[in-house]
$ cat model-v2.txt   # compact mmCIF, C-alpha atoms
# COMPACT_ATOMS: atom_id res chain seq x y z
CA MET G 1 -28.56 -22.63 -25.17
CA ILE G 2 -24.98 -22.32 -23.98
CA PRO G 3 -24.34 -20.78 -20.55
CA PHE G 4 -21.19 -18.66 -20.64
CA TYR G 5 -19.08 -16.49 -18.40
CA LYS G 6 -16.98 -13.50 -19.38
CA TYR G 7 -13.60 -12.83 -17.74
CA GLN G 8 -10.79 -10.39 -18.38
CA GLY G 9 -7.20 -10.13 -17.25
CA ALA G 10 -5.63 -6.68 -17.75
CA GLY G 11 -8.09 -6.12 -20.60
CA ASN G 12 -7.42 -9.46 -22.30
CA ASP G 13 -11.00 -10.83 -22.41
CA PHE G 14 -12.32 -14.36 -22.78
CA VAL G 15 -15.56 -16.29 -23.17
CA MET G 16 -15.58 -19.14 -20.63
CA ILE G 17 -17.60 -22.34 -21.02
CA ASP G 18 -18.01 -24.93 -18.25
CA ASN G 19 -17.75 -28.05 -20.40
CA ARG G 20 -17.57 -30.61 -17.58
CA SER G 21 -21.01 -32.18 -17.23
CA THR G 22 -22.42 -31.09 -20.60
CA THR G 23 -20.38 -30.89 -23.81
CA TYR G 24 -21.50 -27.57 -25.21
CA LEU G 25 -18.61 -27.22 -27.67
CA THR G 26 -15.90 -29.47 -29.06
CA ARG G 27 -12.51 -28.88 -30.68
CA THR G 28 -14.14 -29.08 -34.11
CA ASP G 29 -16.74 -26.35 -33.53
CA ASN G 30 -14.48 -23.71 -35.04
CA LYS G 31 -17.20 -21.70 -36.82
CA GLU G 32 -19.34 -21.54 -33.70
CA ILE G 33 -16.38 -20.45 -31.56
CA ASN G 34 -15.43 -17.77 -34.08
CA LEU G 35 -19.03 -16.48 -33.94
CA LEU G 36 -19.11 -16.43 -30.14
CA CYS G 37 -15.89 -14.38 -30.08
CA ASP G 38 -17.21 -11.88 -32.62
CA ARG G 39 -17.76 -8.51 -30.96
CA ARG G 40 -20.69 -7.59 -33.21
CA PHE G 41 -22.54 -10.86 -33.80
CA GLY G 42 -21.55 -12.87 -30.73
CA ILE G 43 -20.43 -12.29 -27.15
CA GLY G 44 -17.03 -10.86 -28.02
CA GLY G 45 -13.60 -11.85 -26.77
CA ASP G 46 -9.92 -12.26 -27.57
CA GLY G 47 -10.50 -15.99 -27.22
CA LEU G 48 -12.77 -18.75 -25.91
CA ILE G 49 -11.86 -21.28 -23.23
CA LEU G 50 -13.41 -24.63 -22.42
CA LEU G 51 -12.95 -25.80 -18.83
CA GLN G 52 -13.07 -29.61 -18.86
CA ASN G 53 -12.62 -32.53 -16.48
CA HIS G 54 -9.28 -34.33 -16.35
CA SER G 55 -8.50 -37.40 -14.25
CA ASP G 56 -4.98 -36.27 -13.32
CA TYR G 57 -5.55 -32.55 -12.73
CA ASP G 58 -8.04 -30.20 -11.15
CA PHE G 59 -9.21 -29.36 -14.67
CA GLU G 60 -8.14 -29.04 -18.30
CA MET G 61 -8.08 -25.72 -20.17
CA VAL G 62 -8.71 -25.80 -23.93
CA TYR G 63 -8.03 -22.44 -25.52
CA PHE G 64 -9.27 -21.14 -28.88
CA ASN G 65 -8.20 -18.00 -30.69
CA ALA G 66 -10.90 -15.50 -31.67
CA ASP G 67 -10.79 -16.84 -35.24
CA GLY G 68 -11.98 -20.22 -33.94
CA THR G 69 -8.71 -22.12 -34.26
CA GLU G 70 -7.34 -23.99 -31.24
CA GLY G 71 -4.46 -21.91 -29.94
CA SER G 72 -1.18 -22.33 -28.12
CA LEU G 73 -0.90 -21.33 -24.47
CA CYS G 74 -2.66 -18.13 -23.44
CA GLY G 75 -1.17 -16.82 -20.19
CA ASN G 76 -3.94 -14.39 -19.24
CA GLY G 77 -6.48 -16.95 -20.40
CA GLY G 78 -4.90 -19.47 -18.05
CA ARG G 79 -5.08 -17.03 -15.17
CA CYS G 80 -8.73 -16.26 -15.95
CA THR G 81 -9.51 -19.98 -16.12
CA VAL G 82 -8.12 -20.38 -12.60
CA ALA G 83 -10.43 -17.58 -11.40
CA PHE G 84 -13.32 -19.27 -13.23
CA ALA G 85 -12.50 -22.62 -11.59
CA LYS G 86 -12.56 -20.94 -8.18
CA GLN G 87 -15.92 -19.33 -8.93
CA LEU G 88 -17.28 -22.77 -9.90
CA GLY G 89 -16.01 -24.23 -6.61
CA ILE G 90 -13.56 -26.62 -8.28
CA ILE G 91 -10.50 -25.24 -6.48
CA ASN G 92 -9.60 -23.21 -3.42
CA GLU G 93 -6.36 -21.21 -3.44
CA LYS G 94 -4.02 -23.60 -5.29
CA CYS G 95 -4.45 -25.83 -8.32
CA THR G 96 -2.80 -27.76 -11.10
CA PHE G 97 -4.29 -27.89 -14.57
CA LEU G 98 -3.48 -29.15 -18.04
CA ALA G 99 -3.05 -26.82 -21.02
CA ILE G 100 -1.82 -27.45 -24.54
CA ASP G 101 1.83 -26.99 -23.51
CA GLY G 102 1.61 -29.28 -20.48
CA SER G 103 0.83 -28.96 -16.78
CA HIS G 104 0.71 -25.71 -14.83
CA GLU G 105 0.51 -24.68 -11.20
CA ALA G 106 -1.37 -21.62 -10.06
CA THR G 107 -2.41 -19.76 -6.94
CA ILE G 108 -5.33 -17.39 -6.40
CA ASP G 109 -6.05 -15.03 -3.52
CA LYS G 110 -9.07 -15.38 -1.27
CA ALA G 111 -10.88 -12.57 -3.09
CA GLY G 112 -10.63 -14.61 -6.27
CA ASN G 113 -9.20 -11.97 -8.58
CA TRP G 114 -5.40 -12.07 -8.26
CA VAL G 115 -3.86 -15.08 -9.99
CA GLU G 116 -0.24 -16.20 -10.23
CA LEU G 117 0.44 -18.75 -12.96
CA LYS G 118 3.60 -20.85 -13.25
CA MET G 119 4.94 -21.00 -16.79
CA ALA G 120 7.22 -23.57 -18.43
CA ASN G 121 11.00 -23.23 -18.07
CA LEU G 122 12.80 -21.57 -20.96
CA ASP G 123 16.33 -22.07 -22.26
CA THR G 124 16.08 -21.29 -25.98
CA ILE G 125 16.22 -17.62 -26.92
CA HIS G 126 17.12 -16.27 -30.34
CA CYS G 127 18.83 -12.88 -30.09
CA ASN G 128 18.98 -11.03 -33.40
CA SER G 129 20.36 -7.63 -34.32
CA ASP G 130 17.18 -5.74 -33.48
CA HIS G 131 14.79 -8.25 -31.91
CA TYR G 132 14.36 -11.40 -29.82
CA VAL G 133 12.36 -14.53 -30.69
CA LEU G 134 11.34 -16.90 -27.91
CA ASN G 135 8.52 -19.25 -26.99
CA THR G 136 6.80 -18.91 -23.61
CA GLY G 137 4.00 -21.33 -24.48
CA SER G 138 3.30 -19.23 -27.58
CA PRO G 139 5.90 -17.83 -30.01
CA HIS G 140 6.87 -14.19 -29.55
CA TYR G 141 8.80 -11.56 -31.46
CA ILE G 142 10.15 -8.84 -29.14
CA LYS G 143 11.33 -5.49 -30.50
CA TYR G 144 12.52 -2.54 -28.39
CA VAL G 145 11.26 0.84 -29.62
CA ASP G 146 11.02 4.48 -28.63
CA ASN G 147 7.63 6.00 -27.82
CA VAL G 148 5.62 2.79 -28.00
CA ALA G 149 2.45 4.73 -27.09
CA LYS G 150 2.37 6.36 -30.54
CA MET G 151 3.07 3.25 -32.61
CA ASP G 152 0.64 1.88 -35.19
CA VAL G 153 0.74 -1.62 -33.71
CA PHE G 154 -1.89 -2.99 -36.09
CA LYS G 155 0.11 -1.93 -39.14
CA GLU G 156 3.65 -2.60 -37.94
CA GLY G 157 2.85 -5.72 -35.94
CA GLY G 158 0.74 -7.13 -38.75
CA ALA G 159 3.55 -6.59 -41.24
CA ILE G 160 5.97 -8.66 -39.13
CA ARG G 161 3.40 -11.38 -38.35
CA ASN G 162 2.60 -11.75 -42.06
CA ASN G 163 6.09 -11.52 -43.53
CA ALA G 164 7.66 -14.45 -45.38
CA THR G 165 9.28 -15.84 -42.22
CA TYR G 166 6.18 -15.98 -40.02
CA LYS G 167 3.14 -15.92 -42.31
CA LYS G 168 2.47 -19.68 -42.30
CA GLU G 169 2.73 -20.44 -38.57
CA GLY G 170 2.20 -16.91 -37.28
CA ILE G 171 3.91 -15.16 -34.39
CA ASN G 172 2.86 -12.68 -31.72
CA VAL G 173 4.63 -9.35 -32.14
CA ASN G 174 5.51 -7.26 -29.07
CA PHE G 175 6.84 -3.71 -29.03
CA ILE G 176 8.62 -2.76 -25.80
CA GLU G 177 9.72 0.52 -24.29
CA PRO G 178 11.73 0.40 -21.04
CA LEU G 179 10.40 2.50 -18.16
CA GLU G 180 12.09 3.65 -14.99
CA GLU G 181 10.90 0.37 -13.50
CA GLY G 182 9.95 -2.39 -15.93
CA PHE G 183 8.50 -1.72 -19.36
CA HIS G 184 5.52 -0.63 -21.43
CA ILE G 185 4.34 -3.30 -23.88
CA ARG G 186 1.91 -3.41 -26.80
CA THR G 187 1.14 -6.63 -28.65
CA PHE G 188 -0.23 -7.74 -32.01
CA GLU G 189 -1.65 -11.25 -31.51
CA ARG G 190 -1.93 -13.94 -34.15
CA GLY G 191 -5.37 -15.59 -34.15
CA VAL G 192 -6.92 -12.29 -33.10
CA GLU G 193 -5.03 -10.57 -35.96
CA ASP G 194 -5.11 -7.26 -34.15
CA GLU G 195 -3.67 -5.51 -31.13
CA THR G 196 -4.96 -6.80 -27.80
CA LEU G 197 -4.99 -4.85 -24.54
CA ALA G 198 -2.65 -7.38 -22.92
CA CYS G 199 -0.92 -10.68 -23.65
CA GLY G 200 0.30 -12.84 -20.78
CA THR G 201 2.79 -14.99 -22.68
CA GLY G 202 3.97 -11.80 -24.41
CA VAL G 203 4.56 -10.04 -21.10
CA THR G 204 6.45 -13.11 -19.90
CA ALA G 205 8.62 -13.15 -23.03
CA ALA G 206 9.23 -9.40 -22.74
CA ALA G 207 10.26 -9.70 -19.07
CA ILE G 208 12.80 -12.38 -19.99
CA SER G 209 14.20 -10.21 -22.78
CA TYR G 210 14.31 -7.29 -20.32
CA ALA G 211 16.51 -9.36 -18.01
CA LEU G 212 18.93 -9.89 -20.90
CA GLU G 213 18.83 -6.25 -22.01
CA HIS G 214 18.96 -4.68 -18.53
CA PRO G 215 20.43 -7.32 -16.18
CA GLU G 216 21.16 -5.02 -13.22
CA LYS G 217 17.73 -3.34 -13.27
CA ALA G 218 16.01 -6.70 -13.70
CA ALA G 219 17.92 -8.23 -10.80
CA ALA G 220 16.91 -5.34 -8.53
CA LEU G 221 13.25 -5.60 -9.56
CA LEU G 222 13.21 -9.38 -9.11
CA HIS G 223 14.66 -8.89 -5.63
CA GLN G 224 11.68 -6.61 -4.92
CA GLY G 225 9.23 -9.25 -6.13
CA GLY G 226 8.99 -9.08 -9.92
CA ILE G 227 9.43 -7.11 -13.11
CA PRO G 228 6.40 -4.84 -13.65
CA ALA G 229 4.78 -4.58 -17.08
CA LYS G 230 2.43 -1.85 -18.23
CA ALA G 231 0.03 -3.21 -20.85
CA GLU G 232 -2.69 -1.14 -22.50
CA GLY G 233 -5.36 -2.81 -20.36
CA GLY G 234 -3.60 -2.97 -17.01
CA LYS G 235 -0.53 -3.95 -15.04
CA LEU G 236 1.08 -7.38 -14.80
CA SER G 237 4.25 -8.68 -13.17
CA VAL G 238 6.69 -11.51 -13.93
CA ARG G 239 9.19 -13.16 -11.62
CA PHE G 240 11.69 -15.93 -12.30
CA LYS G 241 15.09 -17.39 -11.52
CA GLN G 242 17.82 -16.84 -14.11
CA LYS G 243 20.95 -18.84 -14.79
CA GLY G 244 22.67 -17.26 -17.79
CA ASN G 245 20.24 -17.66 -20.70
CA SER G 246 18.13 -20.24 -18.86
CA PHE G 247 15.01 -19.22 -16.95
CA GLU G 248 13.03 -21.30 -14.49
CA ASP G 249 10.39 -20.93 -11.78
CA ILE G 250 8.65 -18.39 -14.03
CA TRP G 251 5.44 -16.85 -12.66
CA LEU G 252 3.01 -14.55 -14.48
CA CYS G 253 1.03 -12.50 -11.96
CA GLY G 254 -1.90 -10.14 -12.24
CA PRO G 255 -5.65 -9.52 -12.03
CA ALA G 256 -8.30 -11.92 -13.37
CA ASP G 257 -11.77 -10.48 -13.08
CA PHE G 258 -15.28 -11.81 -13.64
CA VAL G 259 -17.28 -9.49 -15.92
CA TYR G 260 -20.72 -11.06 -16.46
CA THR G 261 -22.58 -14.25 -17.28
CA GLY G 262 -25.41 -15.16 -19.64
CA THR G 263 -26.71 -17.68 -22.16
CA ILE G 264 -26.51 -17.71 -25.95
CA SER G 265 -27.58 -19.98 -28.80
CA VAL G 266 -25.47 -20.79 -31.85
$ encode --input "model-v2.txt" --output "structure tokens"
Amino acid sequence: MIPFYKYQGAGNDFVMIDNRSTTYLTRTDNKEINLLCDRRFGIGGDGLILLQNHSDYDFEMVYFNADGTEGSLCGNGGRCTVAFAKQLGIINEKCTFLAIDGSHEATIDKAGNWVELKMANLDTIHCNSDHYVLNTGSPHYIKYVDNVAKMDVFKEGGAIRNNATYKKEGINVNFIEPLEEGFHIRTFERGVEDETLACGTGVTAAAISYALEHPEKAAALLHQGGIPAKAEGGKLSVRFKQKGNSFEDIWLCGPADFVYTGTISV
């Protein structure tokens, strides 16, 4: 039997496994992880995360996509892992942990459900005629649209993710509509191969593109504390320091909530 915990951050949900003292799953258990993430035959989740010991950090986060493949950085998954680590008593209000893209800092409030995650610096952004491509721990395609609420994200996002340019490696596709303050975002995620209710690295990428598209509005919002993002599953915020097309001290902020716990056999 595998004890598990379920967490969600703005509707982005994850199966959490405490893999420290007992190795319940390994990086090669792809079929089992895919089953656990299945919403009909398993627990259900956008991904699965192993929390593991690491000699140089408070913990290591190993993230898997819902299809069972080991994934690139998941921002909301990282924030949920911090909340999980606090629930387990591993950390208090600050921590450092290792993810696939390197080390991260994070803070969590005393209530244990508001997490701010420091992302890697970014200085490579591809600006095309109608979209941006950038990597915020995971690769993202950003396209500005009108009336994002009525888009068929599964169809249109899937078409971009599976075109000749991106089919082999995959890319996360984000559709953005500016709001009076910040933006509304919807995301098609590779590995899930469907729209998810939120994507942390996608929101981060979108906020950076927003600063390039709307520099004066972005500067005002950053002065107030961050650029707000409306995802389908909730609200997130991103703050950073910008020097031209270089971005540093990037923080992804938002809720990370415990849902339930249980045991399951595979």
$ residues_around --input "model-v2.txt" --residues "range 39-51 of chain G" --least-positions-apart "5" --cutoff "7 Å" --atoms "all atoms listed in the file" --output "short mmCIF file (atom, residue, chain, number, x, y, z; two decimals) with C-alpha atoms, keeping the file's coordinate frame"
data_model
loop_
_atom_site.label_atom_id
_atom_site.label_comp_id
_atom_site.auth_asym_id
_atom_site.auth_seq_id
_atom_site.Cartn_x
_atom_site.Cartn_y
_atom_site.Cartn_z
CA ASN G 12 -7.42 -9.46 -22.30
CA ASP G 13 -11.00 -10.83 -22.41
CA PHE G 14 -12.32 -14.36 -22.78
CA VAL G 15 -15.56 -16.29 -23.17
CA MET G 16 -15.58 -19.14 -20.63
CA ILE G 17 -17.60 -22.34 -21.02
CA ASP G 18 -18.01 -24.93 -18.25
CA ASN G 19 -17.75 -28.05 -20.40
CA ARG G 20 -17.57 -30.61 -17.58
CA ILE G 33 -16.38 -20.45 -31.56
CA PHE G 59 -9.21 -29.36 -14.67
CA GLU G 60 -8.14 -29.04 -18.30
CA MET G 61 -8.08 -25.72 -20.17
CA VAL G 62 -8.71 -25.80 -23.93
CA TYR G 63 -8.03 -22.44 -25.52
CA PHE G 64 -9.27 -21.14 -28.88
CA ASN G 65 -8.20 -18.00 -30.69
CA ALA G 66 -10.90 -15.50 -31.67
CA VAL G 192 -6.92 -12.29 -33.10
#
$ closest_atom_pairs --input "model-v2.txt" --of "range 199-219 of chain G" --to "range 120-136 of chain G" --cutoff "9 Å" --atoms "all atoms listed in the file" --output "JSON lines"
{"residue": "G:Thr201", "atom": "CA", "partner": "G:Thr136", "partner_atom": "CA", "distance": 5.7}
{"residue": "G:Gly202", "atom": "CA", "partner": "G:Thr136", "partner_atom": "CA", "distance": 7.7}
{"residue": "G:Thr204", "atom": "CA", "partner": "G:Thr136", "partner_atom": "CA", "distance": 6.9}
{"residue": "G:Ala205", "atom": "CA", "partner": "G:Thr136", "partner_atom": "CA", "distance": 6.1}
{"residue": "G:Ala206", "atom": "CA", "partner": "G:Tyr132", "partner_atom": "CA", "distance": 9.0}
{"residue": "G:Ser209", "atom": "CA", "partner": "G:Tyr132", "partner_atom": "CA", "distance": 7.1}
$ residues_around --input "model-v2.txt" --residues "Leu98 in chain G" --least-positions-apart "2" --cutoff "12 Å" --atoms "all atoms listed in the file" --output "PyMOL selection string"
chain G and resi 50-63+73+78+81-82+95-96+100-106+118-119
$ atom_distance --input "model-v2.txt" --atom1 "CA of Gly191 in chain G" --atom2 "CA of Ile90 in chain G"
29.3 Å
$ closest_residue --input "model-v2.txt" --among "G:Ile250, G:Leu88, G:Cys80, G:Val148" --to "Ile108 in chain G" --atoms "all atoms listed in the file"
G:Cys80
$ atom_distance --input "model-v2.txt" --atom1 "CA of Asp29 in chain G" --atom2 "CA of Thr165 in chain G"
29.4 Å
$ closest_residue --input "model-v2.txt" --among "G:Ala83, G:Ile227, G:Met151, G:Leu36" --to "Trp114 in chain G" --atoms "only C-alpha atoms"
G:Ala83
$ residues_around --input "model-v2.txt" --residues "Ile185 in chain G" --least-positions-apart "2" --cutoff "6 Å" --atoms "only C-alpha atoms" --output "PDB file with C-alpha atoms, in the frame of the given file"
ATOM      1  CA  PHE G 175       6.840  -3.710 -29.030  1.00  0.00           C
ATOM      2  CA  ILE G 176       8.620  -2.760 -25.800  1.00  0.00           C
ATOM      3  CA  ALA G 231       0.030  -3.210 -20.850  1.00  0.00           C
TER       4      ALA G 231
END
$ atom_distance --input "model-v2.txt" --atom1 "CA of Arg190 in chain G" --atom2 "CA of Val115 in chain G"
24.3 Å
$ residues_around --input "model-v2.txt" --residues "range 255-266 of chain G" --least-positions-apart "5" --cutoff "8 Å" --atoms "all atoms listed in the file" --output "JSON list (two decimals) with C-alpha atoms, in the coordinates of the input"
[["chain", "number", "residue", "atom", "x", "y", "z"],
["G", 1, "MET", "CA", -28.56, -22.63, -25.17],
["G", 2, "ILE", "CA", -24.98, -22.32, -23.98],
["G", 3, "PRO", "CA", -24.34, -20.78, -20.55],
["G", 4, "PHE", "CA", -21.19, -18.66, -20.64],
["G", 5, "TYR", "CA", -19.08, -16.49, -18.40],
["G", 6, "LYS", "CA", -16.98, -13.50, -19.38],
["G", 7, "TYR", "CA", -13.60, -12.83, -17.74],
["G", 8, "GLN", "CA", -10.79, -10.39, -18.38],
["G", 9, "GLY", "CA", -7.20, -10.13, -17.25],
["G", 10, "ALA", "CA", -5.63, -6.68, -17.75],
["G", 32, "GLU", "CA", -19.34, -21.54, -33.70],
["G", 36, "LEU", "CA", -19.11, -16.43, -30.14],
["G", 76, "ASN", "CA", -3.94, -14.39, -19.24],
["G", 79, "ARG", "CA", -5.08, -17.03, -15.17],
["G", 80, "CYS", "CA", -8.73, -16.26, -15.95],
["G", 83, "ALA", "CA", -10.43, -17.58, -11.40],
["G", 84, "PHE", "CA", -13.32, -19.27, -13.23],
["G", 112, "GLY", "CA", -10.63, -14.61, -6.27],
["G", 113, "ASN", "CA", -9.20, -11.97, -8.58],
["G", 114, "TRP", "CA", -5.40, -12.07, -8.26],
["G", 115, "VAL", "CA", -3.86, -15.08, -9.99],
["G", 236, "LEU", "CA", 1.08, -7.38, -14.80]]
$ residues_near_point --input "model-v2.txt" --point "(1.2, -12.5, -36.0)" --cutoff "8 Å" --atoms "all atoms listed in the file" --output "MDAnalysis selection string"
chainID G and resid 157:158 160:162 166:167 170:173 188:191 193
$ closest_residue --input "model-v2.txt" --among "G:Gly11, G:Ser21, G:Ala149, G:Lys143" --to "Leu197 in chain G" --atoms "only C-alpha atoms"
G:Gly11
